[in-house]
Amino acid sequence: AAPAIRRALAAALALADPGCRLMPAGEAGRLEGVVETLTYRNKALAHALERVSFRPLDGKLTQVRDAAQMFGFVNEWCFDEDRVVKRFRELAPVYHPDTGVVACRDRMAQLIDARNLLINHVRTAYRSGPWTRRP
């Protein structure tokens, strides 16, 4: 009778939610352990990222070299607009105040300022190129 009840319960769950399935208690316990381990590792990585992250500068960002350093560029001449945009898209999810791993409103604001400063630097330093045709 127990296997028939299990099959009926599994069928009812499959009809209610196709992604749902029954599993043995041992498997559920193992998965809970995996989730706990991953949660711990995620927190450890977030703390490590917090330690190595840039500190928001005092005042407004005005120097191209500071903006380049914030993005991880060696100097203010080793990037183009596409690399700036790509790096911004990599860093923005990390520092976004609503969803970031190291959520920080000040860092995100300075990251946006740095992106704008670097793009303006590239556009004024190199008056020709594909970015001049962009709106």
# chains A, B, ... in the order shown; residues from 1 in each chain; ligands from 1
call {"tool": "residues_around", "arguments": {"residues": "range 42-45 of chain A", "least_positions_apart": "6", "cutoff": "10 Å", "atoms": "only C-alpha atoms", "output": "PyMOL selection string"}}
result
chain A and resi 36+51+101-102
call {"tool": "residues_around", "arguments": {"residues": "Asp113 in chain A", "least_positions_apart": "3", "cutoff": "9 Å", "atoms": "only C-alpha atoms", "output": "number ranges by chain"}}
result
A: 60-62, 67, 108-110, 116-118
call {"tool": "closest_residue", "arguments": {"among": "A:Met23, A:Ile112, A:Ala11, A:Met70", "to": "Ser53 in chain A", "atoms": "only C-alpha atoms"}}
result
A:Met70
call {"tool": "select_by_dssp", "arguments": {"residues": "chain A", "states": "alpha helix (DSSP H)", "output": "ChimeraX atom specification"}}
result
/A:2-16,25-52,64-70,81-95,105-125
call {"tool": "atom_distance", "arguments": {"atom1": "CA of Ala12 in chain A", "atom2": "CA of Arg30 in chain A"}}
result
24.8 Å
